[in-house]
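*Asks:* Handing over query38.txt, compact mmCIF, C-alpha atoms.
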# COMPACT_ATOMS: atom_id res chain seq x y z
CA MET Q 151 44.42 123.57 109.03
CA ASN Q 152 45.62 120.62 106.99
CA TYR Q 153 49.21 120.02 105.91
CA TYR Q 154 50.23 118.13 102.78
CA PRO Q 155 53.97 117.34 102.78
CA TYR Q 156 55.62 115.73 99.79
CA ASP Q 157 57.54 112.53 100.37
CA HIS Q 158 61.13 112.72 101.60
CA GLU Q 159 62.71 111.36 98.43
CA GLU Q 160 60.94 114.07 96.43
CA SER Q 161 61.84 116.79 98.93
CA ARG Q 162 65.54 116.07 98.66
CA SER Q 163 65.40 116.46 94.90
CA LEU Q 164 63.55 119.77 95.25
CA VAL Q 165 65.54 121.54 97.92
CA GLY Q 166 68.77 119.61 98.26
CA ALA Q 167 71.83 119.24 96.12
CA ALA Q 168 70.43 116.42 94.04
CA ALA Q 169 69.38 117.06 90.47
CA PRO Q 170 65.80 118.36 90.08
CA ILE Q 171 63.05 116.26 88.59
CA PRO Q 172 63.27 116.41 84.79
CA LEU Q 173 60.38 118.44 83.38
CA ALA Q 174 58.67 117.98 80.06
CA PRO Q 175 59.02 120.75 77.49
CA LEU Q 176 56.71 123.71 77.96
CA THR Q 177 54.84 122.85 74.78
CA SER Q 178 53.34 119.83 76.54
CA MET Q 179 51.31 122.08 78.85
CA PRO Q 180 50.03 125.05 76.87
CA GLU Q 181 47.98 127.77 78.47
CA PRO Q 182 44.47 127.26 77.04
CA SER Q 183 42.69 130.02 75.21
CA LEU Q 184 39.07 130.80 74.49
CA ARG Q 185 37.59 131.14 71.01
CA TYR Q 186 34.76 133.59 70.45
CA GLY Q 187 32.13 133.80 67.77
CA PRO Q 188 31.86 136.98 65.71
CA SER Q 189 30.24 139.90 67.46
CA PRO Q 190 28.24 142.15 65.15
CA PRO Q 191 25.59 144.33 66.78
CA ALA Q 192 22.36 142.44 67.45
CA PRO Q 193 19.28 143.77 65.66
CA ASN Q 194 15.83 143.88 67.22
CA GLY Q 195 14.56 140.42 68.08
CA TYR Q 196 18.05 138.98 68.53
CA PHE Q 197 20.15 138.40 71.61
CA SER Q 198 23.88 138.72 71.95
CA HIS Q 199 25.65 136.87 74.74
CA ASP Q 200 28.93 137.41 76.48
CA MET Q 201 29.17 133.71 77.26
CA TYR Q 202 28.55 132.65 73.67
CA VAL Q 203 31.91 130.94 73.56
CA THR Q 204 33.52 127.65 72.67
CA PRO Q 205 35.68 126.56 75.61
CA GLN Q 206 38.80 124.68 74.67
CA LYS Q 207 38.99 121.16 76.02
CA GLU Q 208 41.66 121.09 78.70
CA PRO Q 209 43.08 117.63 79.44
CA LYS Q 210 43.67 116.92 83.10
CA ALA Q 211 47.15 115.53 82.48
CA GLN Q 212 48.80 115.55 79.11
CA GLU Q 213 51.32 112.95 78.06
CA GLY Q 214 54.79 113.95 79.23
CA PHE Q 215 53.49 116.47 81.79
CA ALA Q 216 55.18 116.03 85.15
CA PRO Q 217 53.20 117.68 87.98
CA ILE Q 218 55.28 119.26 90.73
CA LYS Q 219 55.02 117.72 94.19
CA ALA Q 220 55.76 120.64 96.46
CA LYS Q 221 55.12 121.14 100.14
CA PHE Q 222 51.99 123.18 100.89
CA LYS Q 223 49.24 123.60 103.45
CA VAL Q 224 45.54 124.40 103.27
CA ASP Q 225 44.67 127.33 105.52
CA ASP Q 226 41.06 128.54 105.59
CA GLY Q 227 40.53 126.98 102.17
CA GLU Q 228 43.58 128.62 100.56
CA ILE Q 229 46.51 126.64 99.22
CA ILE Q 230 49.69 128.21 100.66
CA SER Q 231 53.21 127.07 99.83
CA HIS Q 232 56.62 128.19 101.10
CA ASP Q 233 58.45 125.57 99.09
CA PRO Q 234 61.97 126.81 98.19
CA ARG Q 235 61.93 125.54 94.64
CA LEU Q 236 58.71 127.35 93.82
CA ASN Q 237 60.48 130.60 94.68
CA LYS Q 238 63.54 129.92 92.50
CA ASP Q 239 62.38 127.83 89.54
CA GLY Q 240 59.78 129.56 87.36
CA GLU Q 241 58.95 126.36 85.49
CA ALA Q 242 58.30 124.54 88.79
CA LEU Q 243 56.06 127.38 90.00
CA TYR Q 244 54.13 127.36 86.72
CA ARG Q 245 53.53 123.62 86.88
CA PHE Q 246 52.55 123.77 90.55
CA ILE Q 247 49.91 126.37 89.71
CA MET Q 248 48.66 124.43 86.68
CA THR Q 249 48.30 121.31 88.84
CA HIS Q 250 46.29 122.92 91.63
CA ALA Q 251 44.35 125.15 89.25
CA GLN Q 252 42.33 122.04 88.29
CA GLU Q 253 40.77 121.89 91.78
CA ARG Q 254 37.28 123.37 91.70
CA PRO Q 255 36.52 126.28 94.04
CA GLU Q 256 33.60 126.24 96.45
CA VAL Q 257 30.62 128.57 96.11
CA LEU Q 258 28.14 128.61 98.99
CA LEU Q 259 24.92 130.47 99.72
CA HIS Q 260 24.91 131.46 103.39
CA VAL Q 261 21.53 132.28 104.97
CA GLU Q 262 21.34 133.43 108.59
CA GLY Q 263 18.68 134.89 110.85
CA THR Q 264 19.07 136.23 114.39
CA HIS Q 265 17.18 138.27 116.95
CA VAL Q 266 18.17 140.04 120.15
CA GLU Q 267 16.62 139.05 123.47
CA THR Q 268 16.67 141.39 126.44
CA ALA Q 269 16.44 140.13 130.04
CA ASP Q 270 16.24 142.15 133.27
CA VAL Q 271 18.75 140.93 135.84
CA LYS Q 272 17.78 141.93 139.36
CA TYR Q 273 20.26 142.14 142.23
CA SER Q 274 20.67 143.70 145.67
CA LEU Q 275 23.39 146.07 146.81
CA ALA Q 276 24.46 146.29 150.48
CA GLN Q 277 24.37 149.83 151.86
CA ALA Q 278 26.67 151.40 154.46
CA ASP Q 279 23.96 151.23 157.11
CA GLY Q 280 23.51 147.52 156.53
CA SER Q 281 20.35 147.81 154.48
CA LYS Q 282 19.93 146.43 150.96
CA LYS Q 283 18.94 148.29 147.85
CA ASP Q 284 17.32 146.41 144.99
CA SER Q 285 18.49 147.24 141.48
CA SER Q 286 18.31 145.77 137.99
CA THR Q 287 20.12 145.96 134.67
CA GLU Q 288 19.37 144.90 131.14
CA PHE Q 289 21.27 141.97 129.62
CA LYS Q 290 21.12 141.54 125.82
CA SER Q 291 21.97 138.35 123.95
CA THR Q 292 21.85 137.43 120.27
CA VAL Q 293 19.88 134.28 119.47
CA THR Q 294 20.36 132.43 116.17
CA ASP Q 295 17.04 131.44 114.59
CA PHE Q 296 18.48 129.75 111.48
CA ASP Q 297 21.91 129.47 109.97
CA PHE Q 298 22.69 127.22 107.00
CA TYR Q 299 24.66 126.91 103.77
CA VAL Q 300 23.64 125.66 100.32
CA ASP Q 301 26.29 124.29 97.94
CA ILE Q 302 26.13 126.24 94.68
CA GLY Q 303 29.58 125.25 93.45
CA GLN Q 304 28.40 121.71 92.70
CA HIS Q 305 26.68 123.17 89.63
CA ILE Q 306 29.91 124.47 88.05
CA CYS Q 307 29.85 123.05 84.53
CA HIS Q 308 33.18 124.13 83.05
CA GLY Q 309 36.65 125.23 84.07
CA PRO Q 310 39.24 126.31 84.48
CA LEU Q 311 39.83 128.80 81.70
CA HIS Q 312 43.10 130.55 82.52
CA TRP Q 313 43.12 134.34 82.28
CA THR Q 314 45.62 137.15 82.76
CA VAL Q 315 45.10 140.81 83.64
CA PRO Q 316 45.43 143.24 80.69
CA ASP Q 317 48.48 145.48 80.75
CA GLU Q 318 46.41 148.66 81.10
CA VAL Q 319 44.43 147.44 84.16
CA PRO Q 320 45.85 148.48 87.57
CA GLU Q 321 47.00 145.40 89.48
CA TYR Q 322 49.81 144.19 91.74
CA ARG Q 323 52.78 143.43 89.48
CA GLY Q 324 55.61 142.97 91.95
CA ARG Q 325 55.11 145.86 94.35
CA LEU Q 326 52.73 146.64 97.20
CA TYR Q 327 50.76 149.09 95.10
CA ARG Q 328 48.91 148.59 91.83
CA GLU Q 329 50.70 149.28 88.58
CA VAL Q 330 50.06 149.29 84.83
CA ASP Q 331 52.32 148.21 81.98
CA ARG Q 332 52.73 150.77 79.18
CA PRO Q 333 54.08 149.55 75.81
CA ARG Q 334 57.42 150.93 74.66
CA ASP Q 335 58.28 151.81 71.07
CA ASP Q 336 59.87 148.40 70.45
CA HIS Q 337 56.96 146.47 72.06
CA ASP Q 338 55.85 143.70 69.65
CA PRO Q 339 54.16 140.81 71.55
CA GLU Q 340 52.96 139.18 68.32
CA HIS Q 341 56.60 138.38 67.51
CA GLY Q 342 57.54 137.50 71.08
CA ILE Q 343 59.06 140.90 71.91
CA VAL Q 344 57.64 142.19 75.20
CA ARG Q 345 58.88 145.67 76.04
CA THR Q 346 56.80 147.56 78.58
CA LYS Q 347 57.36 150.31 81.08
CA ARG Q 348 55.77 149.77 84.48
CA LYS Q 349 54.36 152.72 86.37
CA LYS Q 350 52.18 153.31 89.40
CA ALA Q 351 48.48 153.48 88.59
CA HIS Q 352 46.46 156.61 89.33
CA GLU Q 353 44.34 156.43 92.45
CA LYS Q 354 41.07 157.04 90.56
CA ASP Q 355 41.91 154.17 88.19
CA VAL Q 356 42.62 151.89 91.15
CA ASP Q 357 39.29 152.78 92.77
CA ALA Q 358 37.48 152.15 89.50
CA THR Q 359 39.17 148.74 89.12
CA VAL Q 360 38.22 147.67 92.65
CA ALA Q 361 34.62 148.76 92.11
CA TRP Q 362 34.51 146.98 88.74
CA LYS Q 363 35.68 143.69 90.26
CA GLU Q 364 32.74 143.74 92.68
CA PHE Q 365 30.30 144.71 89.91
CA ARG Q 366 31.63 141.92 87.72
CA TRP Q 367 31.18 139.29 90.46
CA GLN Q 368 27.69 140.52 91.40
CA ASN Q 369 26.51 140.45 87.78
CA GLY Q 370 28.06 137.12 86.78
CA LEU Q 371 30.56 138.52 84.28
CA PRO Q 372 33.65 136.49 83.33
CA PRO Q 373 36.93 137.73 84.87
CA TRP Q 374 38.37 138.73 81.49
CA VAL Q 375 35.58 141.27 80.91
CA GLY Q 376 36.73 144.85 81.50
CA PRO Q 377 34.66 148.00 82.11
CA ASN Q 378 35.40 149.21 78.58
CA ASP Q 379 34.12 146.07 76.85
CA ARG Q 380 30.97 146.66 74.84
CA ASP Q 381 27.70 146.30 76.78
CA ALA Q 382 29.53 145.11 79.90
CA GLN Q 383 27.96 147.85 82.05
CA GLY Q 384 24.50 146.51 81.23
CA GLY Q 385 24.89 143.72 83.73
CA SER Q 386 22.10 141.76 82.08
CA ASP Q 387 21.28 138.17 82.95
CA GLN Q 388 22.61 137.04 79.60
CA VAL Q 389 25.93 138.84 79.47
CA ARG Q 390 26.67 140.05 75.97
CA MET Q 391 29.52 139.13 73.65
CA LEU Q 392 32.85 140.89 73.82
CA PRO Q 393 33.97 142.79 70.69
CA ARG Q 394 36.69 140.51 69.29
CA PRO Q 395 39.12 139.32 71.98
CA ALA Q 396 41.70 136.80 70.81
CA SER Q 397 41.66 134.91 74.11
CA THR Q 398 41.23 135.24 77.84
CA LEU Q 399 44.98 135.77 78.21
CA ARG Q 400 44.89 139.56 77.91
CA SER Q 401 48.38 140.35 79.24
CA SER Q 402 51.40 140.69 76.97
CA ARG Q 403 53.03 138.21 79.37
CA SER Q 404 51.95 134.60 79.78
CA ILE Q 405 51.35 132.93 83.13
CA GLN Q 406 54.71 131.23 82.72
CA ASP Q 407 56.37 134.62 82.10
CA TRP Q 408 54.88 135.97 85.32
CA ALA Q 409 56.06 132.88 87.21
CA HIS Q 410 59.63 133.42 85.98
CA GLU Q 411 59.49 137.12 86.88
CA TYR Q 412 58.39 136.24 90.41
CA CYS Q 413 61.19 133.71 90.84
CA LYS Q 414 63.81 136.20 89.63
CA SER Q 415 62.80 138.66 92.34
CA LYS Q 416 65.10 138.82 95.38
CA LYS Q 417 62.41 140.21 97.66
CA LYS Q 418 62.15 138.53 101.06
CA LEU Q 419 58.41 139.04 101.53
CA LYS Q 420 57.09 138.48 98.02
CA GLU Q 421 53.90 136.61 97.15
CA PHE Q 422 52.44 135.08 93.96
CA VAL Q 423 48.65 134.71 93.80
CA TYR Q 424 46.49 132.63 91.44
CA ASP Q 425 42.82 133.59 91.83
CA LYS Q 426 39.94 131.27 90.91
CA ARG Q 427 36.85 133.20 89.80
CA VAL Q 428 33.33 131.88 89.28
CA TYR Q 429 31.00 133.49 86.74
CA GLY Q 430 27.72 132.92 84.92
CA TRP Q 431 25.09 133.65 87.58
CA ASN Q 432 23.77 137.07 88.56
CA ILE Q 433 24.71 136.92 92.24
CA GLU Q 434 22.99 140.19 93.13
CA LYS Q 435 19.61 139.04 91.79
CA LEU Q 436 19.98 135.63 93.42
CA GLU Q 437 20.66 137.17 96.83
CA ASN Q 438 17.69 139.51 96.38
CA ALA Q 439 15.43 136.56 95.51
CA VAL Q 440 16.44 134.67 98.67
CA ALA Q 441 16.00 137.84 100.71
CA GLN Q 442 12.46 138.20 99.36
CA LEU Q 443 11.78 134.57 100.29
CA ILE Q 444 12.75 135.35 103.90
CA ARG Q 445 10.52 138.41 103.97
CA ASP Q 446 7.60 136.45 102.52
CA SER Q 447 8.03 133.81 105.24
CA GLY Q 448 7.01 136.38 107.85
CA TYR Q 449 10.33 136.30 109.68
CA SER Q 450 10.80 139.55 111.65
CA GLY Q 451 14.35 139.21 112.97
CA ASP Q 452 17.65 140.34 111.51
CA TRP Q 453 18.81 138.29 108.55
CA SER Q 454 21.64 138.14 106.04
CA VAL Q 455 22.04 136.47 102.65
CA GLU Q 456 25.44 136.16 101.01
CA VAL Q 457 27.08 134.07 98.31
CA ILE Q 458 30.63 133.33 99.45
CA ARG Q 459 33.65 131.70 97.79
CA ARG Q 460 36.11 129.27 99.35
CA LYS Q 461 39.13 127.33 98.16
CA ASP Q 462 39.59 129.94 95.46
CA THR Q 463 43.20 131.05 95.97
CA ILE Q 464 46.70 129.65 95.50
CA ARG Q 465 49.47 131.57 97.28
CA VAL Q 466 53.23 131.02 97.01
CA ARG Q 467 55.52 132.76 99.51
CA PRO Q 468 59.27 132.63 100.26
CA ASP Q 469 60.81 129.98 102.48
CA THR Q 470 62.13 132.50 105.00
CA PHE Q 471 61.63 132.78 108.74
CA LEU Q 472 60.05 136.24 108.46
CA ALA Q 473 57.67 135.25 105.64
CA ARG Q 474 56.50 132.19 107.55
CA ALA Q 475 56.16 134.09 110.84
CA LEU Q 476 54.09 136.92 109.35
CA ALA Q 477 51.59 134.37 108.04
CA HIS Q 478 50.41 133.90 111.65
CA THR Q 479 48.10 136.50 113.19
CA TRP Q 480 49.47 135.91 116.68
CA VAL Q 481 52.99 136.79 115.49
CA LYS Q 482 51.75 140.10 114.10
CA ALA Q 483 49.97 140.76 117.39
CA LEU Q 484 53.20 140.22 119.34
CA LEU Q 485 55.12 142.47 116.97
CA TRP Q 486 52.56 145.20 117.51
CA LEU Q 487 52.66 144.64 121.28
CA PHE Q 488 56.42 145.18 121.35
CA LEU Q 489 56.20 148.05 118.81
CA LEU Q 490 58.25 146.12 116.25
CA TYR Q 491 55.71 145.74 113.47
CA PRO Q 492 56.09 149.35 112.18
CA PHE Q 493 59.74 148.56 111.35
CA VAL Q 494 58.69 145.36 109.55
CA TRP Q 495 56.10 147.34 107.60
CA LEU Q 496 58.65 149.96 106.57
CA PHE Q 497 61.03 147.26 105.39
CA LYS Q 498 58.27 145.48 103.49
CA ARG Q 499 56.96 148.67 101.91
CA TYR Q 500 60.09 150.62 100.97
CA SER Q 501 63.07 148.25 100.82
CA LYS Q 502 64.10 146.86 97.43
CA ARG Q 503 64.43 143.49 99.17
CA GLY Q 504 61.16 143.92 101.08
CA GLY Q 505 57.69 142.95 99.92
CA GLY Q 506 55.95 142.56 96.58
CA MET Q 507 52.79 140.92 95.23
CA TRP Q 508 51.89 139.40 91.88
CA GLU Q 509 48.10 139.20 91.36
CA VAL Q 510 48.01 138.96 87.59
CA CYS Q 511 46.37 135.65 86.67
CA GLY Q 512 43.78 133.08 87.60
CA GLY Q 513 41.24 130.55 86.43
CA ALA Q 514 37.58 131.03 85.48
CA TRP Q 515 34.86 128.49 86.34
CA ALA Q 516 31.42 128.70 84.74
CA LEU Q 517 28.06 128.07 86.38
CA LYS Q 518 26.56 128.56 82.92
CA TYR Q 519 27.82 129.66 79.51
CA TRP Q 520 26.78 129.76 75.86
CA GLU Q 521 28.22 127.72 73.01
CA PRO Q 522 27.44 127.65 69.27
CA ASP Q 523 24.73 125.21 68.20
CA PRO Q 524 24.58 125.19 64.39
CA ALA Q 525 21.57 122.85 64.29
CA GLY Q 526 19.74 124.55 67.13
CA VAL Q 527 17.11 126.98 65.83
CA ILE Q 528 15.99 128.81 62.74
CA PRO Q 529 17.16 132.47 62.87
CA GLY Q 530 14.48 134.61 64.44
CA MET Q 531 13.09 131.82 66.62
CA GLY Q 532 14.16 130.42 69.98
CA ASP Q 533 13.03 127.53 72.09
CA ALA Q 534 10.33 128.06 74.69
CA LYS Q 535 12.67 127.66 77.65
CA GLY Q 536 15.25 130.12 76.35
CA ARG Q 537 18.10 127.62 76.35
CA ILE Q 538 18.63 128.02 72.60
CA VAL Q 539 18.56 131.52 71.11
CA PRO Q 540 19.37 133.00 67.70
CA THR Q 541 22.30 135.36 67.25
CA MET Q 542 23.90 136.99 64.23
CA ALA Q 543 26.56 134.29 64.42
CA GLY Q 544 24.00 131.49 64.43
CA ALA Q 545 22.20 129.59 67.16
CA ALA Q 546 23.61 129.51 70.68
CA ARG Q 547 22.87 126.87 73.30
CA MET Q 548 23.09 127.46 77.03
CA VAL Q 549 25.14 124.97 79.04
CA GLY Q 550 24.61 124.70 82.76
CA LEU Q 551 21.87 125.44 85.31
CA ARG Q 552 20.23 128.87 85.36
CA GLU Q 553 19.69 130.86 88.57
CA GLY Q 554 15.91 130.72 88.25
CA GLU Q 555 15.95 126.96 87.73
CA TRP Q 556 18.11 126.54 90.83
CA PHE Q 557 15.85 128.81 92.89
CA ARG Q 558 12.75 126.88 91.82
CA GLN Q 559 14.38 123.65 93.01
CA TRP Q 560 15.49 125.06 96.36
CA GLN Q 561 12.89 127.61 97.45
CA SER Q 562 10.68 125.07 99.23
CA THR Q 563 13.69 123.59 101.04
CA MET Q 564 14.99 126.99 102.15
CA ARG Q 565 11.53 128.07 103.30
CA GLY Q 566 11.22 124.89 105.37
CA ARG Q 567 14.69 125.23 106.93
CA ILE Q 568 13.95 128.82 107.89
CA ALA Q 569 10.64 127.86 109.52
CA SER Q 570 12.18 124.95 111.43
CA GLY Q 571 15.16 126.96 112.75
CA TYR Q 572 17.71 124.77 111.01
CA ALA Q 573 21.37 125.52 111.80
CA SER Q 574 24.41 123.65 110.47
CA ASP Q 575 27.87 124.33 109.06
CA GLU Q 576 27.55 121.40 106.67
CA PRO Q 577 26.37 122.71 103.27
CA LEU Q 578 23.13 121.33 101.87
CA THR Q 579 23.63 119.57 98.55
CA THR Q 580 20.22 118.07 97.77
CA PRO Q 581 16.77 119.71 98.02
CA ASP Q 582 14.31 118.17 100.46
CA PRO Q 583 11.66 115.89 98.89
CA ALA Q 584 8.49 117.77 98.04
CA PRO Q 585 5.68 116.91 100.48
CA GLU Q 586 2.79 114.92 99.06
CA ASN Q 587 -0.21 117.07 98.21
CA PRO Q 588 -3.38 115.42 99.62
CA VAL Q 589 -5.44 116.95 96.79
CA GLN Q 590 -3.53 114.90 94.24
CA THR Q 591 -4.59 111.66 95.96
CA LEU Q 592 -8.28 112.30 95.29
CA ASP Q 593 -9.85 109.94 92.78
CA GLY Q 594 -10.56 111.82 89.59
CA TYR Q 595 -8.62 115.02 90.50
Show how you would write the structure in this file as structure tokens.

*Replies:*
Amino acid sequence: MNYYPYDHEESRSLVGAAAPIPLAPLTSMPEPSLRYGPSPPAPNGYFSHDMYVTPQKEPKAQEGFAPIKAKFKVDDGEIISHDPRLNKDGEALYRFIMTHAQERPEVLLHVEGTHVETADVKYSLAQADGSKKDSSTEFKSTVTDFDFYVDIGQHICHGPLHWTVPDEVPEYRGRLYREVDRPRDDHDPEHGIVRTKRKKAHEKDVDATVAWKEFRWQNGLPPWVGPNDRDAQGGSDQVRMLPRPASTLRSSRSIQDWAHEYCKSKKKLKEFVYDKRVYGWNIEKLENAVAQLIRDSGYSGDWSVEVIRRKDTIRVRPDTFLARALAHTWVKALLWLFLLYPFVWLFKRYSKRGGGMWEVCGGAWALKYWEPDPAGVIPGMGDAKGRIVPTMAGAARMVGLREGEWFRQWQSTMRGRIASGYASDEPLTTPDPAPENPVQTLDGY
């Protein structure tokens, strides 16, 4: 666990009586949007792509933008802050999130193989008459045959694109259960009038949302794609275009609006979450391909293949003794031991000043995506490698590394590490050099 304190001069201006750091106007740090090409239905012989998009260029630091230096720690890859100002000043919270949103998440392929060994342990037991009786018992132990990680996140080619959860999608919006925002009669977000009525989401809708999130990750869909978007359920390698979304910011509230709402809350155990999502690769097919590689190697033990994410969350929590204490597992264990945790849970769940979560926004990072390429191909024809394809909106060019290209580069390395029993927590970043083929050294081959 690493701690990153701000300097003392800065801390006094944030939490003391001194005047806060002057912030640039909000217009100097706009929330970026995403522009889409038109999306007519694709006739036979054409492809339509969900990632056929033109990402906006997002400067790392615009002129006049003053990043917030707030106290935070990194715990298991997550950025966690209890800084007082981030819980009172919505503009400070917004800028803190925008600053740390630029840090790329980690995506790792974890491959592990184990087998169970059984040993007979023999021993003698003394009897009442002084004699000894021989006995034995089985002792089982798990032996690791290989265990390694491969860095996939190094191939991220674009991000972040900020996104917000649509009003109609069940999500945590200030309580400990998922809610939806329903528009009122005077709701007019196009003219800056946001009037919604918040209500608890139906259980079946919540279950469907949770299942969709997993489907979306496994099939490489962007986080702004919903289950009702056209062709989203297909889960194809080349995810198809959305109908006509204006941007990835689907909520009637901006990220800054949500930050201000969080800071206005008087809850003692509240939490604001910014979630970094990675999209572009079909994770399910990639895991299946690596699993087949293990089977083809002849390995007969138990194995697991999983693509995992790290450093993908920013959490802001109150600067209170209870909020800080409950962040530690050992504190919760003690509260359970002394039968105190049920009272904390009741306070957190049912008190108006108890707990609440905001999980309504995040950033999207692409492993591959599509962008318009006006000079790419003649309609009806694509390049041999499939990196440029025709669409009804014109040619589209793929940006980034494809799953199959990555697998071709790494399959020999993974096969060799499995055979050699390699085990390390340090992710592999470069494939092993291909061994020289003796046949190729023959004169005239």

*Asks:* Distance CA of Lys350 in chain Q-CA of Lys416 in chain Q, one decimal place?

*Replies:*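 Interatomic distance, CA of Lys350 in chain Q to CA of Lys416 in chain Q: 20.3 Å.
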
*Asks:* Check the smallest atom-to-atom distance from each of Q:Pro468, Q:Gly594, Q:Pro540, Q:Gly513 to His232 in chain Q using all atoms listed in the file, then report the winner.

*Replies:*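 Counting all atoms listed in the file, the residue closest to His232 in chain Q is Q:Pro468.
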
*Asks:* One decimal, Å: what's the distance from CA of Arg427 in chain Q over to CA of Arg254 in chain Q, could you say?

*Replies:*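 Calculated distance between CA of Arg427 in chain Q and CA of Arg254 in chain Q is 10.0 Å.
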
*Asks:* Could you jot down the CA of Gly240 in chain Q to CA of His410 in chain Q separation for me, Å, one decimal place?

*Replies:*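 Rounded to one decimal, the two atoms are 4.1 Å apart.
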
*Asks:* Using all atoms listed in the file, which of Q:Pro372, Q:Pro333, Q:Pro577, Q:Gly280 sits nearest Glu256 in chain Q?

*Replies:* Q:Pro577

*Asks:* For Asp462 in chain Q, which of Q:Lys426, Q:Arg325, Q:Arg400, Q:Lys238 is the closest residue, counting all atoms listed in the file?

*Replies:*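 That would be Q:Lys426, the residue with the smallest distance to Asp462 in chain Q.
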
*Asks:* For a quick check of understanding, using all atoms listed in the file, which of Q:Pro524, Q:Trp495, Q:Arg328, Q:Ile444 has the smallest distance to Ser562 in chain Q?

*Replies:*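 Among the listed residues, the smallest separation from Ser562 in chain Q belongs to Q:Ile444.
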
*Asks:* So which residues touch Asp284 in chain Q within 12 Å, counting all atoms listed in the file, skipping near sequence neighbours fewer than 2 positions away, as a ChimeraX atom specification?

*Replies:* /Q:271-277,281-282,286-287

*Asks:* Pick out the closest residue to Phe296 in chain Q from this set: Q:His265, Q:Lys414, Q:His352, Q:His308. Count only C-alpha atoms.

*Replies:*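 For Phe296 in chain Q, the nearest of the candidates is Q:His265.
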
*Asks:* In the coordinate frame of the file, compute which residues have an atom within 7 Å of (25.3, 126.4, 68.1) when using all atoms listed in the file, and state them as a list in words.

*Replies:*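 Applying the cut-off with all atoms listed in the file, one gets Glu521, Pro522, Asp523, Pro524, Ala525, Gly526, Gly544, Ala545, Ala546 and Arg547 of chain Q.
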
*Asks:* With C-alpha atoms kept, could you save the residues just selected as a short mmCIF file (atom, residue, chain, number, x, y, z; two decimals), in the coordinates of the input?

*Replies:*
data_model
loop_
_atom_site.label_atom_id
_atom_site.label_comp_id
_atom_site.auth_asym_id
_atom_site.auth_seq_id
_atom_site.Cartn_x
_atom_site.Cartn_y
_atom_site.Cartn_z
CA GLU Q 521 28.22 127.72 73.01
CA PRO Q 522 27.44 127.65 69.27
CA ASP Q 523 24.73 125.21 68.20
CA PRO Q 524 24.58 125.19 64.39
CA ALA Q 525 21.57 122.85 64.29
CA GLY Q 526 19.74 124.55 67.13
CA GLY Q 544 24.00 131.49 64.43
CA ALA Q 545 22.20 129.59 67.16
CA ALA Q 546 23.61 129.51 70.68
CA ARG Q 547 22.87 126.87 73.30
#

*Asks:* Contacts of Leu436 in chain Q at 10 Å or less, counting only C-alpha atoms, minus same-chain residues fewer than 6 places along, as a JSON list (two decimals) with C-alpha atoms, in the frame of the given file?

*Replies:*
[["chain", "number", "residue", "atom", "x", "y", "z"],
["Q", 259, "LEU", "CA", 24.92, 130.47, 99.72],
["Q", 368, "GLN", "CA", 27.69, 140.52, 91.40],
["Q", 369, "ASN", "CA", 26.51, 140.45, 87.78],
["Q", 442, "GLN", "CA", 12.46, 138.20, 99.36],
["Q", 455, "VAL", "CA", 22.04, 136.47, 102.65],
["Q", 456, "GLU", "CA", 25.44, 136.16, 101.01],
["Q", 457, "VAL", "CA", 27.08, 134.07, 98.31],
["Q", 553, "GLU", "CA", 19.69, 130.86, 88.57],
["Q", 554, "GLY", "CA", 15.91, 130.72, 88.25],
["Q", 556, "TRP", "CA", 18.11, 126.54, 90.83],
["Q", 557, "PHE", "CA", 15.85, 128.81, 92.89]]

*Asks:* My list of candidates is Q:Glu241, Q:Asp270, Q:Glu228, Q:Asp295. Which is closest to Ser450 in chain Q when distances are computed with only C-alpha atoms?

*Replies:*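 Answer, going by the shortest atom-to-atom distance: Q:Asp295.
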
*Asks:* With all atoms listed in the file as the counted atoms, please give the residues lying no more than 8 Å from Pro310 in chain Q, apart from itself and same-chain residues fewer than 4 positions off, as number ranges by chain.

*Replies:* Q: 251-252, 513-515

*Asks:* I'd like the contact shell of range 289-294 of chain Q - 12 Å cut-off, all atoms listed in the file, skipping same-chain residues fewer than 5 positions apart - returned as a list of chain:residue names.

*Replies:*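 Listing them by chain and then by number gives Q:Val261, Q:Glu262, Q:Gly263, Q:Thr264, Q:His265, Q:Val266, Q:Glu267, Q:Thr268, Q:Ala269, Q:Asp270, Q:Val271, Q:Lys272, Q:Gly451, Q:Asp452, Q:Trp453, Q:Ser454, Q:Ile568, Q:Gly571, Q:Tyr572, Q:Ala573, Q:Ser574.
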
*Asks:* Write a file of the just-selected residues containing C-alpha atoms, as a CSV table (one decimal), in the frame of the given file.

*Replies:*
chain,number,residue,atom,x,y,z
Q,261,VAL,CA,21.5,132.3,105.0
Q,262,GLU,CA,21.3,133.4,108.6
Q,263,GLY,CA,18.7,134.9,110.8
Q,264,THR,CA,19.1,136.2,114.4
Q,265,HIS,CA,17.2,138.3,117.0
Q,266,VAL,CA,18.2,140.0,120.2
Q,267,GLU,CA,16.6,139.0,123.5
Q,268,THR,CA,16.7,141.4,126.4
Q,269,ALA,CA,16.4,140.1,130.0
Q,270,ASP,CA,16.2,142.2,133.3
Q,271,VAL,CA,18.8,140.9,135.8
Q,272,LYS,CA,17.8,141.9,139.4
Q,451,GLY,CA,14.4,139.2,113.0
Q,452,ASP,CA,17.6,140.3,111.5
Q,453,TRP,CA,18.8,138.3,108.6
Q,454,SER,CA,21.6,138.1,106.0
Q,568,ILE,CA,14.0,128.8,107.9
Q,571,GLY,CA,15.2,127.0,112.8
Q,572,TYR,CA,17.7,124.8,111.0
Q,573,ALA,CA,21.4,125.5,111.8
Q,574,SER,CA,24.4,123.6,110.5
